>>> print(open('run-v7.cif').read())   # mmCIF, C-alpha atoms
data_final
#
loop_
_atom_site.group_PDB
_atom_site.id
_atom_site.type_symbol
_atom_site.label_atom_id
_atom_site.label_comp_id
_atom_site.auth_asym_id
_atom_site.auth_seq_id
_atom_site.Cartn_x
_atom_site.Cartn_y
_atom_site.Cartn_z
ATOM 1 C CA MET A 1 17.946 1.950 11.682
ATOM 2 C CA THR A 2 17.427 -1.804 11.924
ATOM 3 C CA ARG A 3 20.632 -3.715 12.575
ATOM 4 C CA PRO A 4 21.650 -6.578 10.252
ATOM 5 C CA GLY A 5 19.772 -9.696 11.267
ATOM 6 C CA ASP A 6 16.981 -7.819 13.032
ATOM 7 C CA PRO A 7 13.414 -8.372 11.775
ATOM 8 C CA ARG A 8 12.305 -5.755 9.269
ATOM 9 C CA PRO A 9 9.350 -3.880 10.808
ATOM 10 C CA ILE A 10 6.027 -2.898 9.350
ATOM 11 C CA VAL A 11 6.172 0.912 9.178
ATOM 12 C CA VAL A 12 2.924 2.864 9.357
ATOM 13 C CA GLY A 13 2.399 6.586 8.885
ATOM 14 C CA VAL A 14 0.267 7.759 11.803
ATOM 15 C CA ASP A 15 -2.639 10.120 11.224
ATOM 16 C CA PRO A 16 -3.065 12.665 14.047
ATOM 17 C CA ASP A 17 -6.839 12.319 13.773
ATOM 18 C CA PRO A 18 -7.921 9.451 16.098
ATOM 19 C CA THR A 19 -10.976 8.771 13.925
ATOM 20 C CA HIS A 20 -8.667 7.694 11.079
ATOM 21 C CA ARG A 21 -7.222 4.410 12.282
ATOM 22 C CA MET A 22 -7.735 1.986 9.383
ATOM 23 C CA ALA A 23 -4.106 2.152 8.205
ATOM 24 C CA LEU A 24 -2.839 1.684 11.762
ATOM 25 C CA ALA A 25 -5.189 -1.256 12.312
ATOM 26 C CA TRP A 26 -4.174 -2.861 8.996
ATOM 27 C CA ALA A 27 -0.473 -2.432 9.776
ATOM 28 C CA ALA A 28 -0.869 -3.853 13.291
ATOM 29 C CA ASP A 29 -2.749 -6.887 11.952
ATOM 30 C CA GLU A 30 -0.060 -7.442 9.323
ATOM 31 C CA ALA A 31 2.757 -7.136 11.856
ATOM 32 C CA ALA A 32 1.054 -9.585 14.204
ATOM 33 C CA ARG A 33 0.358 -12.023 11.368
ATOM 34 C CA ARG A 34 3.968 -11.904 10.178
ATOM 35 C CA ARG A 35 5.365 -11.802 13.739
ATOM 36 C CA LEU A 36 7.201 -8.561 13.032
ATOM 37 C CA PRO A 37 7.578 -5.371 15.082
ATOM 38 C CA LEU A 38 5.381 -2.405 14.260
ATOM 39 C CA ARG A 39 6.911 1.046 13.797
ATOM 40 C CA PRO A 40 4.349 3.891 13.926
ATOM 41 C CA VAL A 41 5.940 7.021 12.452
ATOM 42 C CA LEU A 42 4.769 10.626 12.659
ATOM 43 C CA ALA A 43 6.538 13.347 10.661
ATOM 44 C CA GLU A 44 6.445 16.845 12.128
ATOM 45 C CA GLY A 45 6.287 20.084 10.223
ATOM 46 C CA VAL A 46 2.579 20.969 10.313
ATOM 47 C CA PRO A 47 0.242 21.627 13.258
ATOM 48 C CA THR A 48 -1.345 18.417 14.542
ATOM 49 C CA ARG A 49 -4.763 17.635 15.959
ATOM 50 C CA GLY A 50 -5.986 19.984 18.678
ATOM 51 C CA TYR A 51 -3.599 22.748 17.711
ATOM 52 C CA GLY A 52 -5.453 25.551 15.945
ATOM 53 C CA ARG A 53 -4.063 28.521 14.058
ATOM 54 C CA GLY A 54 -4.898 30.912 16.876
ATOM 55 C CA GLU A 55 -2.952 28.751 19.329
ATOM 56 C CA VAL A 56 0.421 28.996 17.565
ATOM 57 C CA PRO A 57 2.956 30.475 20.020
ATOM 58 C CA PRO A 58 4.757 33.665 18.952
ATOM 59 C CA SER A 59 8.242 32.169 18.973
ATOM 60 C CA TRP A 60 9.613 29.393 16.778
ATOM 61 C CA ALA A 61 11.019 27.541 19.794
ATOM 62 C CA GLU A 62 7.648 27.494 21.536
ATOM 63 C CA TRP A 63 5.874 26.465 18.350
ATOM 64 C CA ASN A 64 8.378 23.653 17.748
ATOM 65 C CA GLU A 65 8.041 22.389 21.304
ATOM 66 C CA ALA A 66 4.258 22.451 21.028
ATOM 67 C CA LEU A 67 4.468 20.340 17.857
ATOM 68 C CA HIS A 68 6.780 17.872 19.613
ATOM 69 C CA LYS A 69 4.374 17.594 22.528
ATOM 70 C CA ALA A 70 1.369 17.068 20.248
ATOM 71 C CA GLY A 71 3.329 14.538 18.190
ATOM 72 C CA ARG A 72 4.350 12.522 21.235
ATOM 73 C CA ARG A 73 0.747 12.505 22.439
ATOM 74 C CA THR A 74 -0.421 11.280 19.020
ATOM 75 C CA LEU A 75 2.103 8.431 19.048
ATOM 76 C CA GLU A 76 1.149 7.465 22.601
ATOM 77 C CA GLU A 77 -2.489 7.246 21.541
ATOM 78 C CA ALA A 78 -1.502 5.161 18.510
ATOM 79 C CA ALA A 79 0.488 2.765 20.707
ATOM 80 C CA GLU A 80 -2.477 2.433 23.090
ATOM 81 C CA PHE A 81 -4.756 1.646 20.134
ATOM 82 C CA VAL A 82 -2.388 -1.105 18.949
ATOM 83 C CA ALA A 83 -1.954 -2.555 22.441
ATOM 84 C CA ALA A 84 -5.726 -2.848 22.819
ATOM 85 C CA HIS A 85 -5.920 -5.009 19.670
ATOM 86 C CA HIS A 86 -2.575 -6.847 19.849
ATOM 87 C CA PRO A 87 -1.305 -6.820 23.470
ATOM 88 C CA GLY A 88 1.896 -8.741 22.748
ATOM 89 C CA LEU A 89 2.960 -6.847 19.638
ATOM 90 C CA GLN A 90 6.319 -5.047 19.757
ATOM 91 C CA VAL A 91 5.702 -1.354 19.012
ATOM 92 C CA ASP A 92 8.479 1.156 18.363
ATOM 93 C CA PRO A 93 6.993 4.663 17.787
ATOM 94 C CA ARG A 94 9.140 7.218 15.965
ATOM 95 C CA LEU A 95 8.704 10.993 15.933
ATOM 96 C CA ALA A 96 10.562 12.408 12.934
ATOM 97 C CA GLU A 97 11.222 15.867 11.545
ATOM 98 C CA GLY A 98 10.988 16.535 7.844
ATOM 99 C CA ASP A 99 8.807 16.093 4.804
ATOM 100 C CA PRO A 100 6.608 12.967 5.118
ATOM 101 C CA VAL A 101 7.710 11.595 1.734
ATOM 102 C CA TRP A 102 11.387 11.882 2.669
ATOM 103 C CA VAL A 103 10.803 10.460 6.154
ATOM 104 C CA LEU A 104 8.922 7.412 4.912
ATOM 105 C CA ARG A 105 11.303 6.850 2.020
ATOM 106 C CA GLU A 106 14.162 6.644 4.528
ATOM 107 C CA GLN A 107 12.105 4.358 6.760
ATOM 108 C CA SER A 108 11.434 2.059 3.799
ATOM 109 C CA HIS A 109 15.109 1.090 3.534
ATOM 110 C CA ASP A 110 14.833 -1.373 6.425
ATOM 111 C CA ALA A 111 11.084 -2.055 6.402
ATOM 112 C CA THR A 112 9.034 -5.024 5.243
ATOM 113 C CA ALA A 113 6.315 -2.615 4.116
ATOM 114 C CA VAL A 114 5.196 0.986 4.572
ATOM 115 C CA VAL A 115 1.483 1.503 5.256
ATOM 116 C CA LEU A 116 -0.481 4.720 4.666
ATOM 117 C CA GLY A 117 -4.064 5.854 4.932
ATOM 118 C CA SER A 118 -5.893 7.209 1.886
ATOM 119 C CA GLN A 119 -8.041 10.002 3.275
ATOM 120 C CA HIS A 120 -7.396 13.428 1.762
ATOM 121 C CA LEU A 121 -6.997 16.328 4.160
ATOM 122 C CA SER A 122 -6.594 20.074 3.796
ATOM 123 C CA ARG A 123 -3.131 21.479 3.202
ATOM 124 C CA THR A 124 -2.791 22.692 6.803
ATOM 125 C CA ARG A 125 -3.418 19.148 8.059
ATOM 126 C CA GLU A 126 -1.730 17.162 5.292
ATOM 127 C CA VAL A 127 -0.361 13.926 6.743
ATOM 128 C CA PHE A 128 0.846 10.551 5.512
ATOM 129 C CA GLY A 129 -2.510 9.594 4.084
ATOM 130 C CA SER A 130 -2.663 12.244 1.356
ATOM 131 C CA ALA A 131 -2.085 11.343 -2.279
ATOM 132 C CA SER A 132 0.761 13.866 -2.425
ATOM 133 C CA VAL A 133 2.652 11.540 -0.071
ATOM 134 C CA ALA A 134 1.516 8.152 -1.373
ATOM 135 C CA VAL A 135 2.215 8.724 -5.077
ATOM 136 C CA PRO A 136 5.863 9.862 -4.829
ATOM 137 C CA LEU A 137 6.541 7.311 -2.098
ATOM 138 C CA MET A 138 5.327 4.512 -4.358
ATOM 139 C CA ALA A 139 7.906 5.614 -6.928
ATOM 140 C CA HIS A 140 10.866 5.763 -4.540
ATOM 141 C CA ALA A 141 10.243 3.390 -1.623
ATOM 142 C CA ARG A 142 12.548 0.401 -1.248
ATOM 143 C CA CYS A 143 9.759 -1.914 -0.073
ATOM 144 C CA PRO A 144 6.077 -2.481 -0.842
ATOM 145 C CA VAL A 145 3.776 0.453 -0.073
ATOM 146 C CA VAL A 146 0.256 -0.262 1.183
ATOM 147 C CA VAL A 147 -2.488 2.365 0.918
ATOM 148 C CA VAL A 148 -5.498 1.599 3.100
ATOM 149 C CA PRO A 149 -8.801 3.395 2.433
ATOM 150 C CA GLU A 150 -11.003 5.147 4.945
ATOM 151 C CA PRO A 151 -13.619 4.057 5.795
ATOM 152 C CA GLU A 152 -13.358 0.271 5.890
ATOM 153 C CA HIS A 153 -14.654 -1.412 2.743
ATOM 154 C CA THR A 154 -16.903 -4.466 2.491
ATOM 155 C CA THR A 155 -15.226 -7.771 1.579
ATOM 156 C CA GLN A 156 -16.763 -10.932 0.166
ATOM 157 C CA GLU A 157 -16.577 -14.527 1.336
ATOM 158 C CA PRO A 158 -14.610 -16.532 0.530
ATOM 159 C CA ALA A 159 -11.943 -13.856 0.907
ATOM 160 C CA TYR A 160 -9.595 -13.154 -1.969
ATOM 161 C CA TYR A 161 -6.803 -10.893 -3.237
ATOM 162 C CA VAL A 162 -6.464 -9.512 -6.758
ATOM 163 C CA VAL A 163 -3.120 -9.128 -8.535
ATOM 164 C CA GLY A 164 -2.493 -7.330 -11.808
ATOM 165 C CA VAL A 165 -0.343 -9.286 -14.267
ATOM 166 C CA ASP A 166 1.452 -8.020 -17.375
ATOM 167 C CA GLY A 167 4.495 -10.280 -17.757
ATOM 168 C CA SER A 168 7.120 -7.738 -16.641
ATOM 169 C CA PRO A 169 9.624 -8.395 -13.796
ATOM 170 C CA HIS A 170 7.686 -5.907 -11.659
ATOM 171 C CA SER A 171 4.532 -7.880 -12.316
ATOM 172 C CA ALA A 172 6.320 -11.042 -11.198
ATOM 173 C CA ALA A 173 7.314 -9.385 -7.914
ATOM 174 C CA ALA A 174 3.693 -8.329 -7.388
ATOM 175 C CA VAL A 175 2.498 -11.892 -8.012
ATOM 176 C CA ASP A 176 5.010 -13.248 -5.484
ATOM 177 C CA LEU A 177 3.767 -10.847 -2.823
ATOM 178 C CA ALA A 178 0.122 -11.533 -3.706
ATOM 179 C CA PHE A 179 0.596 -15.268 -3.175
ATOM 180 C CA GLU A 180 2.340 -14.597 0.127
ATOM 181 C CA GLU A 181 -0.428 -12.296 1.365
ATOM 182 C CA ALA A 182 -3.166 -14.705 0.294
ATOM 183 C CA ALA A 183 -1.445 -17.595 2.058
ATOM 184 C CA LEU A 184 -1.018 -15.571 5.262
ATOM 185 C CA ARG A 185 -4.693 -14.613 5.265
ATOM 186 C CA GLY A 186 -6.086 -17.980 4.179
ATOM 187 C CA ALA A 187 -7.528 -16.266 1.115
ATOM 188 C CA GLY A 188 -7.871 -16.997 -2.569
ATOM 189 C CA LEU A 189 -6.118 -15.129 -5.381
ATOM 190 C CA ARG A 190 -7.431 -13.742 -8.669
ATOM 191 C CA ALA A 191 -4.634 -13.123 -11.185
ATOM 192 C CA VAL A 192 -5.973 -10.604 -13.712
ATOM 193 C CA CYS A 193 -4.394 -9.797 -17.056
ATOM 194 C CA VAL A 194 -5.942 -6.923 -19.002
ATOM 195 C CA TRP A 195 -5.760 -6.510 -22.739
ATOM 196 C CA GLU A 196 -7.110 -3.537 -24.644
ATOM 197 C CA PRO A 197 -8.813 -4.457 -27.958
ATOM 198 C CA GLY A 198 -7.481 -2.680 -31.013
ATOM 199 C CA PRO A 199 -9.552 -0.566 -33.415
ATOM 200 C CA LEU A 200 -10.252 -3.535 -35.726
ATOM 201 C CA ARG A 201 -11.444 -5.671 -32.797
ATOM 202 C CA ILE A 202 -12.845 -8.753 -34.605
ATOM 203 C CA PHE A 203 -9.807 -9.122 -36.849
ATOM 204 C CA ASP A 204 -7.068 -8.537 -34.264
ATOM 205 C CA GLU A 205 -8.448 -10.084 -31.076
ATOM 206 C CA TYR A 206 -7.172 -13.653 -31.354
ATOM 207 C CA GLU A 207 -3.403 -13.070 -31.280
ATOM 208 C CA PRO A 208 -3.395 -10.547 -28.378
ATOM 209 C CA GLN A 209 -5.664 -12.841 -26.359
ATOM 210 C CA GLN A 210 -3.398 -15.839 -26.915
ATOM 211 C CA GLU A 211 -0.315 -13.843 -25.932
ATOM 212 C CA ALA A 212 -2.035 -12.570 -22.808
ATOM 213 C CA ARG A 213 -3.093 -16.094 -21.838
ATOM 214 C CA ARG A 214 0.473 -17.321 -22.306
ATOM 215 C CA LEU A 215 1.874 -14.566 -20.093
ATOM 216 C CA LEU A 216 -0.761 -15.174 -17.451
ATOM 217 C CA SER A 217 0.033 -18.893 -17.342
ATOM 218 C CA GLU A 218 3.792 -18.353 -17.298
ATOM 219 C CA ILE A 219 3.854 -15.835 -14.499
ATOM 220 C CA VAL A 220 1.827 -17.951 -12.096
ATOM 221 C CA ALA A 221 3.586 -21.206 -13.069
ATOM 222 C CA GLY A 222 5.387 -22.771 -10.101
ATOM 223 C CA ARG A 223 3.946 -20.372 -7.562
ATOM 224 C CA GLY A 224 0.837 -22.470 -7.138
ATOM 225 C CA ALA A 225 3.022 -25.416 -6.138
ATOM 226 C CA ARG A 226 4.751 -23.293 -3.471
ATOM 227 C CA TYR A 227 1.389 -22.132 -2.120
ATOM 228 C CA PRO A 228 -0.967 -25.115 -2.584
ATOM 229 C CA GLN A 229 -3.345 -23.697 0.019
ATOM 230 C CA VAL A 230 -4.116 -20.673 -2.178
ATOM 231 C CA ASP A 231 -7.112 -21.112 -4.456
ATOM 232 C CA LEU A 232 -5.909 -19.475 -7.689
ATOM 233 C CA GLY A 233 -8.079 -18.136 -10.485
ATOM 234 C CA HIS A 234 -6.850 -16.805 -13.864
ATOM 235 C CA GLU A 235 -8.769 -14.000 -15.530
ATOM 236 C CA LEU A 236 -8.215 -12.452 -18.957
ATOM 237 C CA VAL A 237 -10.307 -9.303 -19.272
ATOM 238 C CA ALA A 238 -10.701 -6.801 -22.114
ATOM 239 C CA GLY A 239 -10.846 -3.133 -21.145
ATOM 240 C CA HIS A 240 -8.880 -0.328 -19.538
ATOM 241 C CA PRO A 241 -6.474 -1.611 -16.842
ATOM 242 C CA VAL A 242 -7.509 0.890 -14.162
ATOM 243 C CA GLU A 243 -11.217 0.222 -14.657
ATOM 244 C CA VAL A 244 -10.803 -3.550 -14.822
ATOM 245 C CA LEU A 245 -8.579 -3.815 -11.755
ATOM 246 C CA THR A 246 -10.765 -1.411 -9.773
ATOM 247 C CA ASP A 247 -13.887 -3.426 -10.563
ATOM 248 C CA ALA A 248 -12.167 -6.748 -9.866
ATOM 249 C CA SER A 249 -10.962 -5.582 -6.448
ATOM 250 C CA ALA A 250 -14.189 -3.961 -5.264
ATOM 251 C CA HIS A 251 -14.730 -6.507 -2.477
ATOM 252 C CA ALA A 252 -11.207 -7.940 -2.226
ATOM 253 C CA LEU A 253 -8.920 -8.010 0.804
ATOM 254 C CA GLY A 254 -6.388 -6.134 -1.317
ATOM 255 C CA LEU A 255 -5.177 -5.271 -4.818
ATOM 256 C CA VAL A 256 -1.511 -5.965 -5.570
ATOM 257 C CA VAL A 257 0.201 -4.137 -8.451
ATOM 258 C CA GLY A 258 3.679 -3.395 -9.704
ATOM 259 C CA THR A 259 4.576 0.264 -10.082
ATOM 260 C CA ARG A 260 6.628 0.292 -13.281
ATOM 261 C CA GLY A 261 7.628 -1.762 -16.275
ATOM 262 C CA ARG A 262 6.544 -1.817 -19.913
ATOM 263 C CA GLY A 263 8.554 -4.997 -20.350
ATOM 264 C CA GLY A 264 5.390 -7.070 -20.503
ATOM 265 C CA PHE A 265 2.843 -7.602 -23.244
ATOM 266 C CA THR A 266 0.357 -4.895 -22.278
ATOM 267 C CA GLY A 267 2.463 -2.517 -20.212
ATOM 268 C CA MET A 268 -0.427 -2.829 -17.777
ATOM 269 C CA LEU A 269 1.518 -2.019 -14.634
ATOM 270 C CA LEU A 270 2.950 1.327 -15.613
ATOM 271 C CA GLY A 271 3.037 4.037 -12.986
ATOM 272 C CA SER A 272 -0.070 5.643 -14.446
ATOM 273 C CA VAL A 273 -2.039 2.459 -13.819
ATOM 274 C CA SER A 274 -0.785 1.949 -10.264
ATOM 275 C CA GLN A 275 -1.589 5.585 -9.533
ATOM 276 C CA GLY A 276 -4.990 5.202 -11.161
ATOM 277 C CA VAL A 277 -5.998 2.247 -9.000
ATOM 278 C CA LEU A 278 -4.638 4.084 -5.967
ATOM 279 C CA HIS A 279 -7.196 6.823 -6.529
ATOM 280 C CA HIS A 280 -10.116 4.565 -7.476
ATOM 281 C CA ALA A 281 -9.721 1.216 -5.697
ATOM 282 C CA ARG A 282 -12.052 0.612 -2.776
ATOM 283 C CA CYS A 283 -9.749 -1.846 -1.016
ATOM 284 C CA PRO A 284 -6.139 -1.636 0.234
ATOM 285 C CA VAL A 285 -3.674 -1.224 -2.645
ATOM 286 C CA ILE A 286 -0.291 -2.926 -2.273
ATOM 287 C CA ALA A 287 2.226 -1.391 -4.678
ATOM 288 C CA VAL A 288 5.471 -3.305 -5.268
ATOM 289 C CA PRO A 289 8.143 -0.759 -6.291
ATOM 290 C CA SER A 290 10.613 -1.505 -9.064
ATOM 291 C CA GLU A 291 13.520 -1.592 -6.587
ATOM 292 C CA THR A 292 12.100 -4.750 -5.026
ATOM 293 C CA ALA A 293 11.711 -6.550 -8.319
#
>>> encode(input="run-v7.cif", output="structure tokens")
Amino acid sequence: MTRPGDPRPIVVGVDPDPTHRMALAWAADEAARRRLPLRPVLAEGVPTRGYGRGEVPPSWAEWNEALHKAGRRTLEEAAEFVAAHHPGLQVDPRLAEGDPVWVLREQSHDATAVVLGSQHLSRTREVFGSASVAVPLMAHARCPVVVVPEPEHTTQEPAYYVVGVDGSPHSAAAVDLAFEEAALRGAGLRAVCVWEPGPLRIFDEYEPQQEARRLLSEIVAGRGARYPQVDLGHELVAGHPVEVLTDASAHALGLVVGTRGRGGFTGMLLGSVSQGVLHHARCPVIAVPSETA
């Protein structure tokens, strides 16, 4: 565990497949940008790359040792990959035993962020990047969780982040992190508030729109002064939150959302929405758990 006063590392779940390195690359870039140590973590419990079913030793001790050896090799390769891109970055690999969700949840207690990949693998090769790890981790992590897609997506210039806004405390925490990320990357920020038109549409649009505009203005108030270098845009969009946020973030550097909270006007950042964008967004998704709000 990190001692009091030590910098909180960027934790990244390492994929045993060397062709899946987007999450590791994103985490290394973030650690270097924030001047934080990087902690690559690999949880054991399933056979790793290069270890087929027919190669499993007959005894549990031999099988366990083979997993340890493969895990250490995977972490060594991950550290070499990071060193090639960021030679001066402090890297502290960890080989852990246990369920990946539990391992990363424990790691999140002293982390700045936990980073995962989003590729979906078969059950026999399920690693940190699978949705079965990302979704429960988003609900229980004590720090932001970043899910990075494979393969790399195409971004637009000038670069920008998108943040979902609904007026809840969790939304406010997401906005804070979005401003911070945009400032670190020299990027702009699109603050998007979604409202869903009612069945009467023409007759009931005005009041919901005004309330949404008020919440959007309130939640970004003051933050622009703290981050004057961030070009901020406000957007009020009618539609389904998952569809709107997914479309808005198609070419963004990242999409920032809260993970819970119906305290706001639309309830836009409920868990179902954060999970929805996790499955459909084509850029990194940064989920700010309720514990950080």
>>> atom_distance(input="run-v7.cif", atom1="CA of Pro37 in chain A", atom2="CA of Val147 in chain A")
19.0 Å
>>> closest_atom_pairs(input="run-v7.cif", of="range 66-149 of chain A", to="range 8-26 of chain A", cutoff="7 Å", atoms="all atoms listed in the file", output="tab-separated table")
residue	atom	partner	partner_atom	distance
A:Thr74	CA	A:Pro16	CA	5.8
A:Asp110	CA	A:Arg8	CA	5.8
A:Ala111	CA	A:Arg8	CA	4.8
A:Thr112	CA	A:Arg8	CA	5.2
A:Ala113	CA	A:Ile10	CA	5.2
A:Val114	CA	A:Val11	CA	4.7
A:Val115	CA	A:Val12	CA	4.6
A:Leu116	CA	A:Gly13	CA	5.4
A:Gly117	CA	A:Ala23	CA	4.9
A:Val127	CA	A:Asp15	CA	6.3
A:Phe128	CA	A:Gly13	CA	5.4
A:Val148	CA	A:Ala23	CA	5.3
>>> write_last_selection(input="run-v7.cif", atoms="C-alpha atoms", output="PDB file, keeping the file's coordinate frame")
ATOM      1  CA  THR A  74      -0.421  11.280  19.020  1.00  0.00           C
ATOM      2  CA  ASP A 110      14.833  -1.373   6.425  1.00  0.00           C
ATOM      3  CA  ALA A 111      11.084  -2.055   6.402  1.00  0.00           C
ATOM      4  CA  THR A 112       9.034  -5.024   5.243  1.00  0.00           C
ATOM      5  CA  ALA A 113       6.315  -2.615   4.116  1.00  0.00           C
ATOM      6  CA  VAL A 114       5.196   0.986   4.572  1.00  0.00           C
ATOM      7  CA  VAL A 115       1.483   1.503   5.256  1.00  0.00           C
ATOM      8  CA  LEU A 116      -0.481   4.720   4.666  1.00  0.00           C
ATOM      9  CA  GLY A 117      -4.064   5.854   4.932  1.00  0.00           C
ATOM     10  CA  VAL A 127      -0.361  13.926   6.743  1.00  0.00           C
ATOM     11  CA  PHE A 128       0.846  10.551   5.512  1.00  0.00           C
ATOM     12  CA  VAL A 148      -5.498   1.599   3.100  1.00  0.00           C
TER      13      VAL A 148
END
>>> resolve_selection(input="run-v7.cif", expression="the PyMOL selection byres ((chain A and resi 172-185) around 10)", output="PyMOL selection string")
chain A and resi 30+33-34+144+159-171+186-191+218-220+223-224+226-232+253-259+269+286-290+292-293
>>> closest_residue(input="run-v7.cif", among="A:Pro7, A:Pro241, A:Gly71, A:Pro284", to="Leu95 in chain A", atoms="all atoms listed in the file")
A:Gly71
>>> residues_near_point(input="run-v7.cif", point="(-14.9, 4.0, -12.9)", cutoff="10 Å", atoms="all atoms listed in the file", output="tab-separated table (two decimals) with C-alpha atoms, in the frame of the given file")
chain	number	residue	atom	x	y	z
A	240	HIS	CA	-8.88	-0.33	-19.54
A	242	VAL	CA	-7.51	0.89	-14.16
A	243	GLU	CA	-11.22	0.22	-14.66
A	244	VAL	CA	-10.80	-3.55	-14.82
A	246	THR	CA	-10.76	-1.41	-9.77
A	247	ASP	CA	-13.89	-3.43	-10.56
A	277	VAL	CA	-6.00	2.25	-9.00
A	280	HIS	CA	-10.12	4.57	-7.48
A	281	ALA	CA	-9.72	1.22	-5.70
>>> resolve_selection(input="run-v7.cif", expression="the PyMOL selection byres ((chain A and resi 238) around 10)", output="VMD selection string")
chain A and resid 193 to 197 205 209 235 to 237 239 to 241 244
>>> atom_distance(input="run-v7.cif", atom1="CA of His85 in chain A", atom2="CA of Glu157 in chain A")
23.2 Å
>>> closest_residue(input="run-v7.cif", among="A:Ala27, A:His140, A:Phe81, A:Glu65", to="His109 in chain A", atoms="all atoms listed in the file")
A:His140
